[in-house]
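Chemist: Okay, so here is work-v1.cif, and as you'll see once you scroll down, it has mmCIF, C-alpha atoms.
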```
data_run
#
loop_
_atom_site.group_PDB
_atom_site.id
_atom_site.type_symbol
_atom_site.label_atom_id
_atom_site.label_comp_id
_atom_site.auth_asym_id
_atom_site.auth_seq_id
_atom_site.Cartn_x
_atom_site.Cartn_y
_atom_site.Cartn_z
ATOM 1 C CA MET W 167 95.537 77.047 94.140
ATOM 2 C CA LYS W 168 94.679 80.717 94.329
ATOM 3 C CA LEU W 169 91.001 81.565 93.848
ATOM 4 C CA VAL W 170 89.762 85.130 93.362
ATOM 5 C CA ILE W 171 86.032 85.614 93.902
ATOM 6 C CA VAL W 172 84.765 88.655 91.994
ATOM 7 C CA SER W 173 81.468 90.111 93.135
ATOM 8 C CA GLY W 174 79.747 93.450 93.475
ATOM 9 C CA LEU W 175 76.942 95.595 92.192
ATOM 10 C CA SER W 176 75.638 95.237 88.660
ATOM 11 C CA GLY W 177 77.177 97.913 86.478
ATOM 12 C CA SER W 178 80.183 98.407 88.765
ATOM 13 C CA GLY W 179 82.666 96.648 86.458
ATOM 14 C CA LYS W 180 82.696 92.956 87.412
ATOM 15 C CA SER W 181 83.021 91.821 83.795
ATOM 16 C CA VAL W 182 85.932 94.208 83.244
ATOM 17 C CA ALA W 183 87.658 92.828 86.343
ATOM 18 C CA LEU W 184 87.153 89.213 85.232
ATOM 19 C CA HIS W 185 88.403 89.909 81.707
ATOM 20 C CA THR W 186 91.470 91.615 83.181
ATOM 21 C CA LEU W 187 92.187 88.607 85.396
ATOM 22 C CA GLU W 188 91.778 86.335 82.387
ATOM 23 C CA ASP W 189 94.415 88.389 80.563
ATOM 24 C CA LEU W 190 96.655 87.888 83.610
ATOM 25 C CA GLY W 191 96.453 84.116 83.239
ATOM 26 C CA TYR W 192 93.530 83.280 85.520
ATOM 27 C CA TYR W 193 91.054 80.556 84.567
ATOM 28 C CA CYS W 194 87.804 82.550 84.740
ATOM 29 C CA ILE W 195 84.178 81.520 85.199
ATOM 30 C CA ASP W 196 81.438 84.163 85.160
ATOM 31 C CA ASN W 197 78.081 84.001 86.955
ATOM 32 C CA LEU W 198 78.792 80.810 88.879
ATOM 33 C CA PRO W 199 75.984 79.662 91.217
ATOM 34 C CA GLY W 200 77.281 80.272 94.748
ATOM 35 C CA GLY W 201 76.286 76.799 95.884
ATOM 36 C CA LEU W 202 78.671 75.272 93.347
ATOM 37 C CA LEU W 203 81.684 77.379 94.278
ATOM 38 C CA ASP W 204 83.349 74.832 96.548
ATOM 39 C CA VAL W 205 82.619 71.934 94.178
ATOM 40 C CA VAL W 206 84.030 73.728 91.134
ATOM 41 C CA ALA W 207 87.106 75.005 92.988
ATOM 42 C CA VAL W 208 88.011 71.552 94.294
ATOM 43 C CA GLU W 209 87.488 70.070 90.831
ATOM 44 C CA LEU W 210 89.827 72.643 89.276
ATOM 45 C CA LYS W 211 92.468 71.935 91.893
ATOM 46 C CA GLN W 212 92.273 68.153 91.608
ATOM 47 C CA SER W 213 91.853 67.824 87.837
ATOM 48 C CA SER W 214 94.434 66.006 85.705
ATOM 49 C CA HIS W 215 95.656 69.448 84.622
ATOM 50 C CA PRO W 216 95.463 71.428 87.892
ATOM 51 C CA ILE W 217 94.696 75.130 87.711
ATOM 52 C CA ASP W 218 97.071 77.387 89.674
ATOM 53 C CA LYS W 219 94.986 80.569 89.443
ATOM 54 C CA ALA W 220 91.230 80.819 88.991
ATOM 55 C CA ALA W 221 88.634 83.574 89.260
ATOM 56 C CA VAL W 222 84.875 83.253 89.504
ATOM 57 C CA GLY W 223 82.144 85.853 89.270
ATOM 58 C CA ILE W 224 79.235 85.650 91.704
ATOM 59 C CA ASP W 225 76.351 88.111 91.528
ATOM 60 C CA ALA W 226 72.941 88.770 93.033
ATOM 61 C CA ARG W 227 71.146 86.387 90.671
ATOM 62 C CA ASN W 228 72.061 83.649 93.120
ATOM 63 C CA PRO W 229 69.375 82.369 95.503
ATOM 64 C CA PRO W 230 69.586 84.311 98.783
ATOM 65 C CA ALA W 231 70.157 81.081 100.715
ATOM 66 C CA ALA W 232 73.298 80.357 98.666
ATOM 67 C CA LEU W 233 74.703 83.849 99.301
ATOM 68 C CA GLU W 234 74.036 83.532 103.023
ATOM 69 C CA GLN W 235 76.253 80.420 103.068
ATOM 70 C CA PHE W 236 79.271 82.337 101.780
ATOM 71 C CA ASP W 237 81.155 82.159 105.090
ATOM 72 C CA ARG W 238 80.717 78.392 105.274
ATOM 73 C CA ILE W 239 81.828 77.954 101.662
ATOM 74 C CA LEU W 240 85.006 79.978 102.258
ATOM 75 C CA GLU W 241 85.826 77.920 105.339
ATOM 76 C CA LYS W 242 85.419 74.710 103.345
ATOM 77 C CA LEU W 243 87.656 75.980 100.550
ATOM 78 C CA GLU W 244 90.355 76.985 103.007
ATOM 79 C CA SER W 245 90.190 73.531 104.586
ATOM 80 C CA GLU W 246 90.879 72.108 101.119
ATOM 81 C CA GLY W 247 94.059 74.186 100.857
ATOM 82 C CA ILE W 248 92.590 76.705 98.396
ATOM 83 C CA ARG W 249 93.753 80.265 99.033
ATOM 84 C CA CYS W 250 90.768 82.565 98.527
ATOM 85 C CA GLU W 251 90.605 86.304 98.007
ATOM 86 C CA THR W 252 87.392 88.239 97.455
ATOM 87 C CA LEU W 253 87.237 91.351 95.293
ATOM 88 C CA PHE W 254 84.074 93.413 95.749
ATOM 89 C CA LEU W 255 83.217 96.195 93.316
ATOM 90 C CA THR W 256 80.916 98.961 94.439
ATOM 91 C CA CYS W 257 79.643 102.249 93.021
ATOM 92 C CA GLU W 258 77.391 105.146 93.973
ATOM 93 C CA ALA W 259 73.722 104.578 93.154
ATOM 94 C CA ASP W 260 73.300 107.664 90.976
ATOM 95 C CA ILE W 261 76.320 106.657 88.880
ATOM 96 C CA LEU W 262 74.928 103.153 88.405
ATOM 97 C CA ILE W 263 71.552 104.545 87.367
ATOM 98 C CA LYS W 264 73.272 106.752 84.802
ATOM 99 C CA ARG W 265 75.273 103.801 83.445
ATOM 100 C CA PHE W 266 72.183 101.653 83.023
ATOM 101 C CA SER W 267 70.401 104.545 81.333
ATOM 102 C CA GLU W 268 73.257 105.131 78.892
ATOM 103 C CA THR W 269 73.717 101.464 77.975
ATOM 104 C CA ARG W 270 69.971 100.647 78.029
ATOM 105 C CA ARG W 271 70.766 97.475 79.916
ATOM 106 C CA ARG W 272 68.254 96.037 82.344
ATOM 107 C CA HIS W 273 69.310 95.394 85.903
ATOM 108 C CA PRO W 274 69.025 91.629 86.597
ATOM 109 C CA LEU W 275 66.734 92.223 89.600
ATOM 110 C CA SER W 276 64.484 94.867 88.051
ATOM 111 C CA ASN W 277 61.164 94.143 86.375
ATOM 112 C CA GLU W 278 57.801 95.806 85.815
ATOM 113 C CA ASP W 279 57.148 95.713 89.555
ATOM 114 C CA VAL W 280 60.671 96.587 90.767
ATOM 115 C CA SER W 281 62.270 99.897 89.764
ATOM 116 C CA LEU W 282 65.979 100.264 89.078
ATOM 117 C CA THR W 283 66.498 102.136 92.350
ATOM 118 C CA GLU W 284 64.704 99.400 94.290
ATOM 119 C CA ALA W 285 66.702 96.709 92.473
ATOM 120 C CA LEU W 286 69.981 98.377 93.443
ATOM 121 C CA GLU W 287 68.896 98.535 97.082
ATOM 122 C CA GLN W 288 67.876 94.863 97.037
ATOM 123 C CA GLU W 289 71.181 93.922 95.443
ATOM 124 C CA ARG W 290 73.233 95.634 98.161
ATOM 125 C CA VAL W 291 71.333 93.686 100.815
ATOM 126 C CA LEU W 292 71.642 90.361 98.996
ATOM 127 C CA LEU W 293 75.397 90.755 98.472
ATOM 128 C CA GLU W 294 76.138 91.846 102.046
ATOM 129 C CA PRO W 295 77.398 88.351 103.084
ATOM 130 C CA ILE W 296 80.062 88.613 100.370
ATOM 131 C CA ALA W 297 80.830 92.304 100.947
ATOM 132 C CA ARG W 298 81.563 91.835 104.635
ATOM 133 C CA ARG W 299 84.128 89.120 103.833
ATOM 134 C CA ALA W 300 85.802 91.035 101.002
ATOM 135 C CA ASP W 301 89.584 91.367 101.078
ATOM 136 C CA LEU W 302 89.642 94.186 98.542
ATOM 137 C CA PHE W 303 87.026 96.848 97.767
ATOM 138 C CA ILE W 304 87.193 98.950 94.619
ATOM 139 C CA ASP W 305 84.802 101.871 94.250
ATOM 140 C CA THR W 306 84.364 102.535 90.518
ATOM 141 C CA SER W 307 82.224 105.674 90.882
ATOM 142 C CA ASN W 308 85.043 107.879 89.565
ATOM 143 C CA THR W 309 86.908 105.201 87.622
ATOM 144 C CA THR W 310 86.960 104.640 83.868
ATOM 145 C CA ILE W 311 87.143 101.179 82.318
ATOM 146 C CA HIS W 312 90.822 101.699 81.515
ATOM 147 C CA GLN W 313 91.582 102.870 85.062
ATOM 148 C CA LEU W 314 89.755 99.851 86.507
ATOM 149 C CA ARG W 315 91.758 97.476 84.340
ATOM 150 C CA GLU W 316 94.979 99.108 85.469
ATOM 151 C CA LEU W 317 93.936 99.004 89.123
ATOM 152 C CA VAL W 318 93.060 95.289 88.973
ATOM 153 C CA GLN W 319 96.386 94.579 87.264
ATOM 154 C CA GLN W 320 98.306 96.528 89.886
ATOM 155 C CA ARG W 321 96.583 95.078 92.920
ATOM 156 C CA LEU W 322 96.002 91.475 91.830
ATOM 157 C CA GLY W 323 98.332 90.907 88.905
ATOM 158 C CA HIS W 324 101.584 91.764 90.645
ATOM 159 C CA GLN W 325 100.803 90.699 94.177
ATOM 160 C CA ARG W 326 103.323 88.351 95.676
ATOM 161 C CA ASP W 327 102.449 85.106 97.395
ATOM 162 C CA SER W 328 103.067 86.884 100.690
ATOM 163 C CA GLY W 329 103.178 90.481 101.798
ATOM 164 C CA LEU W 330 100.805 93.393 101.680
ATOM 165 C CA SER W 331 99.392 95.089 98.588
ATOM 166 C CA LEU W 332 99.492 98.741 99.601
ATOM 167 C CA LEU W 333 97.744 101.484 97.600
ATOM 168 C CA PHE W 334 98.374 105.185 98.159
ATOM 169 C CA GLU W 335 95.674 107.260 96.474
ATOM 170 C CA SER W 336 95.259 111.022 96.130
ATOM 171 C CA PHE W 337 91.815 112.545 95.649
ATOM 172 C CA GLY W 338 89.929 115.823 95.643
ATOM 173 C CA TYR W 339 87.323 116.423 98.323
ATOM 174 C CA LYS W 340 85.166 118.345 95.870
ATOM 175 C CA HIS W 341 84.762 115.071 93.941
ATOM 176 C CA GLY W 342 83.938 112.972 97.005
ATOM 177 C CA ILE W 343 85.833 110.777 99.467
ATOM 178 C CA PRO W 344 86.862 107.296 98.210
ATOM 179 C CA SER W 345 84.564 104.823 99.923
ATOM 180 C CA ASP W 346 87.045 101.971 99.508
ATOM 181 C CA ALA W 347 89.851 103.591 101.544
ATOM 182 C CA ASP W 348 91.015 102.104 104.854
ATOM 183 C CA PHE W 349 92.668 105.357 105.980
ATOM 184 C CA VAL W 350 91.685 108.866 104.848
ATOM 185 C CA PHE W 351 93.869 111.894 105.603
ATOM 186 C CA ASP W 352 92.964 115.526 104.919
ATOM 187 C CA SER W 353 95.689 117.880 103.646
ATOM 188 C CA ARG W 354 93.474 120.907 102.947
ATOM 189 C CA CYS W 355 95.012 122.783 105.890
ATOM 190 C CA LEU W 356 98.383 122.944 104.121
ATOM 191 C CA PRO W 357 99.590 125.888 101.990
ATOM 192 C CA ASN W 358 97.936 125.596 98.579
ATOM 193 C CA PRO W 359 100.018 125.914 95.382
ATOM 194 C CA HIS W 360 96.776 126.710 93.564
ATOM 195 C CA TRP W 361 97.138 130.312 94.734
ATOM 196 C CA GLN W 362 100.528 130.626 93.047
ATOM 197 C CA PRO W 363 99.740 131.560 89.399
ATOM 198 C CA ALA W 364 102.829 129.815 88.025
ATOM 199 C CA LEU W 365 102.008 126.593 89.898
ATOM 200 C CA ARG W 366 98.252 126.472 89.327
ATOM 201 C CA PRO W 367 98.320 124.451 86.070
ATOM 202 C CA LEU W 368 100.929 122.001 87.439
ATOM 203 C CA THR W 369 100.479 118.989 89.725
ATOM 204 C CA GLY W 370 102.150 117.616 92.822
ATOM 205 C CA ARG W 371 104.348 115.460 90.589
ATOM 206 C CA ASP W 372 106.016 118.505 89.050
ATOM 207 C CA ALA W 373 109.365 119.654 90.457
ATOM 208 C CA ALA W 374 108.252 123.275 90.876
ATOM 209 C CA VAL W 375 105.270 122.278 93.023
ATOM 210 C CA ALA W 376 107.373 119.824 95.025
ATOM 211 C CA SER W 377 109.981 122.529 95.643
ATOM 212 C CA TYR W 378 107.314 124.953 96.856
ATOM 213 C CA LEU W 379 105.803 122.385 99.240
ATOM 214 C CA ASP W 380 109.236 121.191 100.401
ATOM 215 C CA SER W 381 109.905 124.702 101.663
ATOM 216 C CA GLU W 382 106.795 124.783 103.868
ATOM 217 C CA PRO W 383 107.422 123.545 107.455
ATOM 218 C CA LEU W 384 103.764 122.598 107.942
ATOM 219 C CA VAL W 385 103.894 120.318 104.902
ATOM 220 C CA GLU W 386 107.025 118.579 106.157
ATOM 221 C CA GLN W 387 105.461 118.139 109.589
ATOM 222 C CA MET W 388 102.346 116.496 108.138
ATOM 223 C CA TYR W 389 104.383 114.195 105.908
ATOM 224 C CA THR W 390 106.641 113.150 108.784
ATOM 225 C CA GLU W 391 103.724 112.428 111.089
ATOM 226 C CA LEU W 392 101.772 110.502 108.422
ATOM 227 C CA ARG W 393 104.857 108.432 107.615
ATOM 228 C CA SER W 394 105.473 107.695 111.302
ATOM 229 C CA PHE W 395 101.836 106.744 111.867
ATOM 230 C CA LEU W 396 101.809 104.361 108.907
ATOM 231 C CA ASP W 397 105.251 102.945 109.781
ATOM 232 C CA ARG W 398 103.788 102.087 113.180
ATOM 233 C CA TRP W 399 100.444 100.630 112.139
ATOM 234 C CA ILE W 400 100.898 98.996 108.732
ATOM 235 C CA PRO W 401 102.899 96.118 110.296
ATOM 236 C CA ALA W 402 99.958 95.516 112.633
ATOM 237 C CA PHE W 403 97.673 94.996 109.647
ATOM 238 C CA GLU W 404 100.235 92.674 108.077
ATOM 239 C CA ALA W 405 100.400 90.679 111.302
ATOM 240 C CA ASP W 406 96.610 90.363 111.103
ATOM 241 C CA ASN W 407 97.044 88.694 107.677
ATOM 242 C CA ARG W 408 95.575 91.595 105.717
ATOM 243 C CA SER W 409 96.335 91.274 102.004
ATOM 244 C CA TYR W 410 95.265 94.770 100.920
ATOM 245 C CA LEU W 411 95.370 98.234 102.439
ATOM 246 C CA THR W 412 94.343 101.558 100.857
ATOM 247 C CA VAL W 413 95.600 104.893 102.194
ATOM 248 C CA ALA W 414 93.892 107.961 100.721
ATOM 249 C CA VAL W 415 95.114 111.537 101.045
ATOM 250 C CA GLY W 416 92.825 114.355 99.929
ATOM 251 C CA CYS W 417 93.041 118.045 99.192
ATOM 252 C CA THR W 418 90.500 120.377 97.616
ATOM 253 C CA GLY W 419 90.958 119.418 93.970
ATOM 254 C CA GLY W 420 93.270 116.422 94.168
ATOM 255 C CA GLN W 421 95.936 118.122 92.054
ATOM 256 C CA HIS W 422 98.720 119.514 94.232
ATOM 257 C CA ARG W 423 99.035 118.797 97.972
ATOM 258 C CA SER W 424 97.521 115.309 98.094
ATOM 259 C CA VAL W 425 99.438 114.244 94.985
ATOM 260 C CA TYR W 426 102.711 115.470 96.500
ATOM 261 C CA LEU W 427 102.134 113.628 99.794
ATOM 262 C CA VAL W 428 101.068 110.400 98.087
ATOM 263 C CA GLU W 429 104.157 110.456 95.878
ATOM 264 C CA ARG W 430 106.414 110.859 98.919
ATOM 265 C CA LEU W 431 104.637 108.191 100.944
ATOM 266 C CA GLY W 432 104.724 105.782 98.016
ATOM 267 C CA ALA W 433 108.461 106.344 97.548
ATOM 268 C CA HIS W 434 109.090 105.730 101.251
ATOM 269 C CA PHE W 435 107.128 102.483 101.432
ATOM 270 C CA ARG W 436 108.565 101.144 98.188
ATOM 271 C CA GLN W 437 111.782 100.734 100.159
ATOM 272 C CA ARG W 438 110.084 97.940 102.101
ATOM 273 C CA SER W 439 110.962 94.558 100.612
ATOM 274 C CA ASP W 440 107.808 92.876 101.910
ATOM 275 C CA ALA W 441 105.122 95.092 100.367
ATOM 276 C CA HIS W 442 103.898 95.760 96.837
ATOM 277 C CA VAL W 443 103.187 99.493 96.605
ATOM 278 C CA THR W 444 100.902 101.163 94.073
ATOM 279 C CA VAL W 445 100.390 104.912 93.699
ATOM 280 C CA ARG W 446 97.208 106.267 92.133
ATOM 281 C CA HIS W 447 96.026 109.843 91.570
ATOM 282 C CA ARG W 448 92.270 109.656 91.147
ATOM 283 C CA GLU W 449 91.735 113.137 89.735
ATOM 284 C CA LEU W 450 94.713 113.133 87.337
ATOM 285 C CA THR W 451 93.948 111.582 83.957
#
```
Hey, can you dump this file as C-alpha cells for me?
Modeler:
Amino acid sequence: MKLVIVSGLSGSGKSVALHTLEDLGYYCIDNLPGGLLDVVAVELKQSSHPIDKAAVGIDARNPPAALEQFDRILEKLESEGIRCETLFLTCEADILIKRFSETRRRHPLSNEDVSLTEALEQERVLLEPIARRADLFIDTSNTTIHQLRELVQQRLGHQRDSGLSLLFESFGYKHGIPSDADFVFDSRCLPNPHWQPALRPLTGRDAAVASYLDSEPLVEQMYTELRSFLDRWIPAFEADNRSYLTVAVGCTGGQHRSVYLVERLGAHFRQRSDAHVTVRHRELT
C-alpha cells in the first residue's frame, strides 16, 4: 500500500492537497491523530477490502509527544510493507497572516493569549519532526488554489512506482526565490530579451524569444553546462532513493530567460525513460 502523509502550516493548502488526492483515487483521512497513524494504516492494508492508495492529514493540533515520534512511526510502517511519502506544505508568514485575515478563520493554535504570529511560530516548531522527514516540499506563497491542485496532480498523481519525479521551475527573483527548490540557478547574467521592444511582451516559450536566445553564445554555454551538471548529479539522487527533485532557474521577472532554459531542460530530461518530468513557470499565469 502507498500512504501519503500530508502535513504543513495552517493556511498553506493542506485541505486542497487532500481533496486533490481524493480526486486521484486516494482514500483520504483528514486531521488524524499522529499516534494512530500506524494503527490506521495497517488496518487499511489488512482489511477485507484492502486500500491500495491512502492519504492522511496530520497537523499541529496533535500532542507534541505524538509528533516527536514521527520517525519511529514511519519506521514501523515501512516494516509493515507500507510505502510512505510525506508531503509538507509551507508558506511565508506574511502571506499566511493575510490569508487568515481575508478568510476570518482562526488559527488552531491561537487564542486570547497567543497572537497569530506567535501561533505560526509555534506551529513551525511543532511540525519540525515531520518537515525534516518530508519527501516533497511545496511552497504555496506564490501559488493559487488551482496551481496547487495542478502541482499535486503532476507530482503525486502521475508518479510511477519507481523513478524520480523531477520538476523544472522558472521564477523571477523580484518575486522571491522558491524555498522548496533543491537546486537554484541564476540566469540574470544572460542577454535579456526584455530590452528588445518586439520581444518584451512575449515569453521564453515563444519562438521569437527562443530564436533570439538561441543566437547568444553565452546562453548556449549556460544551458550546456546546466544540462551536463544535472546529467551528472541527478542519477546520484536517484541512487539515494530520492523520489522528488526540484530544479529552479530564475531571471529578473521570470518571463524570458528562465522560462527558455526550463523549457529546454525539461525537453532534454523527458527523453529519460526512468523519470517523470514536470515543467512549471511560476510567474506565468
Chemist: Determine the nearest neighbour of Ala374 of chain W from the options W:His422, W:Gly223, W:Glu449, W:Asp397, counting all atoms listed in the file.
Modeler: W:His422
Chemist: Compare W:Gly323, W:Pro383, W:Pro216, W:Gly200 by their minimum atom-to-atom distance to Leu184 of chain W, counting all atoms listed in the file, and give me the closest one.
Modeler: W:Gly323
Chemist: Please tabulate, as a Markdown table, the residues of segment 273-376 of chain W that come within 10 Å of segment 405-412 of chain W, each with its closest pair of atoms and the distance in Å to one decimal, counting all atoms listed in the file and ordering rows by chain, then residue number upward.
Modeler:
```
| residue | atom | partner | partner_atom | distance |
| --- | --- | --- | --- | --- |
| W:Asp301 | CA | W:Tyr410 | CA | 6.6 |
| W:Leu302 | CA | W:Tyr410 | CA | 6.1 |
| W:Phe303 | CA | W:Tyr410 | CA | 9.1 |
| W:Ile304 | CA | W:Thr412 | CA | 9.8 |
| W:Arg321 | CA | W:Tyr410 | CA | 8.1 |
| W:Leu322 | CA | W:Tyr410 | CA | 9.7 |
| W:Gln325 | CA | W:Ser409 | CA | 9.0 |
| W:Arg326 | CA | W:Ser409 | CA | 9.9 |
| W:Asp327 | CA | W:Ser409 | CA | 9.8 |
| W:Ser328 | CA | W:Ser409 | CA | 8.1 |
| W:Gly329 | CA | W:Ser409 | CA | 6.9 |
| W:Leu330 | CA | W:Ser409 | CA | 5.0 |
| W:Ser331 | CA | W:Tyr410 | CA | 4.8 |
| W:Leu332 | CA | W:Leu411 | CA | 5.0 |
| W:Leu333 | CA | W:Thr412 | CA | 4.7 |
| W:Phe334 | CA | W:Thr412 | CA | 6.1 |
| W:Glu335 | CA | W:Thr412 | CA | 7.3 |
| W:Pro344 | CA | W:Thr412 | CA | 9.8 |
| W:Asp346 | CA | W:Thr412 | CA | 7.4 |
| W:Ala347 | CA | W:Thr412 | CA | 5.0 |
| W:Asp348 | CA | W:Thr412 | CA | 5.2 |
| W:Phe349 | CA | W:Thr412 | CA | 6.6 |
| W:Val350 | CA | W:Thr412 | CA | 8.7 |
```
Chemist: For the file shown, report as a list in words the outcome of the PyMOL selection byres ((chain W and resi 357) around 8) at residue level.
Modeler: Arg354, Cys355, Leu356, Asn358, Pro359, Leu379, Glu382, Leu384 and Val385 of chain W
Chemist: Can you measure atom CA of Cys257 of chain W to atom CA of Lys180 of chain W for me? One decimal in Å is fine.
Modeler: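 Distance between the two atoms: 11.3 Å.
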Chemist: For the file shown, what are the residues hit by the PyMOL selection byres ((chain W and resi 222) around 12), laid out as a ChimeraX atom specification?
Modeler: /W:168-173,180-181,183-185,187-188,192-200,202-204,206-207,210,219-221,223-225,250-254
Chemist: Here is a test: counting all atoms listed in the file, which residue of W:Ser178, W:Gly432, W:Asp305, W:Ser214 is nearest to Leu262 of chain W?
Modeler: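 Once distances to Leu262 of chain W are computed over all atoms listed in the file, the minimum belongs to W:Ser178.
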Chemist: Could you please determine the separation between atom CA of Gly370 of chain W and atom CA of Ser336 of chain W in Å, to one decimal place?
Modeler: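 If I compute the distance from atom CA of Gly370 of chain W to atom CA of Ser336 of chain W, I get 10.1 Å.
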Chemist: Using the chain letters and numbering of this document, enumerate as a list in words the residues selected by the PyMOL selection byres ((chain W and resi 365) around 12).
Modeler: Asn358, Pro359, His360, Trp361, Gln362, Pro363, Ala364, Arg366, Pro367, Leu368, Thr369, Gly370, Arg371, Asp372, Ala373, Ala374, Val375, Ala376, Ser377, Tyr378, Leu379, Gln421, His422 and Arg423 of chain W
Chemist: For a cutoff of 12 Å around the file-coordinate point (85.9, 104.6, 86.2), which residues qualify once you count all atoms listed in the file? I'd like the result as a PyMOL selection string.
Modeler: chain W and resi 177-179+182-183+255-258+261-262+265+304-317+448-449+451
Chemist: For the atom pair atom CA of Thr186 of chain W and atom CA of Lys211 of chain W, what is the interatomic distance in Å to one decimal place?
Modeler: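 Spanning atom CA of Thr186 of chain W to atom CA of Lys211 of chain W is a straight-line distance of 21.5 Å.
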Chemist: Taking all atoms of segment 170-182 of chain W that the file lists and extending 4 Å past them on each side, where is the centre of the axis-aligned box and how long are its edges? Answer in Å to one decimal, as lines of an AutoDock Vina configuration file.
Modeler:
```
center_x = 82.7
center_y = 91.8
center_z = 88.6
size_x = 22.1
size_y = 21.3
size_z = 18.7
```
Chemist: Pick out the closest residue to Phe266 of chain W from this set: W:Arg393, W:Ala297, W:Val415, W:Leu286. Count all atoms listed in the file.
Modeler: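 Closest candidate: W:Leu286.
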Chemist: Find, counting only C-alpha atoms, the residue in W:Arg430, W:Arg298, W:Arg438, W:His341 that gets nearest to Cys417 of chain W.
Modeler: W:His341
Chemist: Using all atoms listed in the file, find the one residue out of W:Val208, W:Arg227, W:Ser276, W:Lys264 that sits nearest to Arg249 of chain W.
Modeler: W:Val208
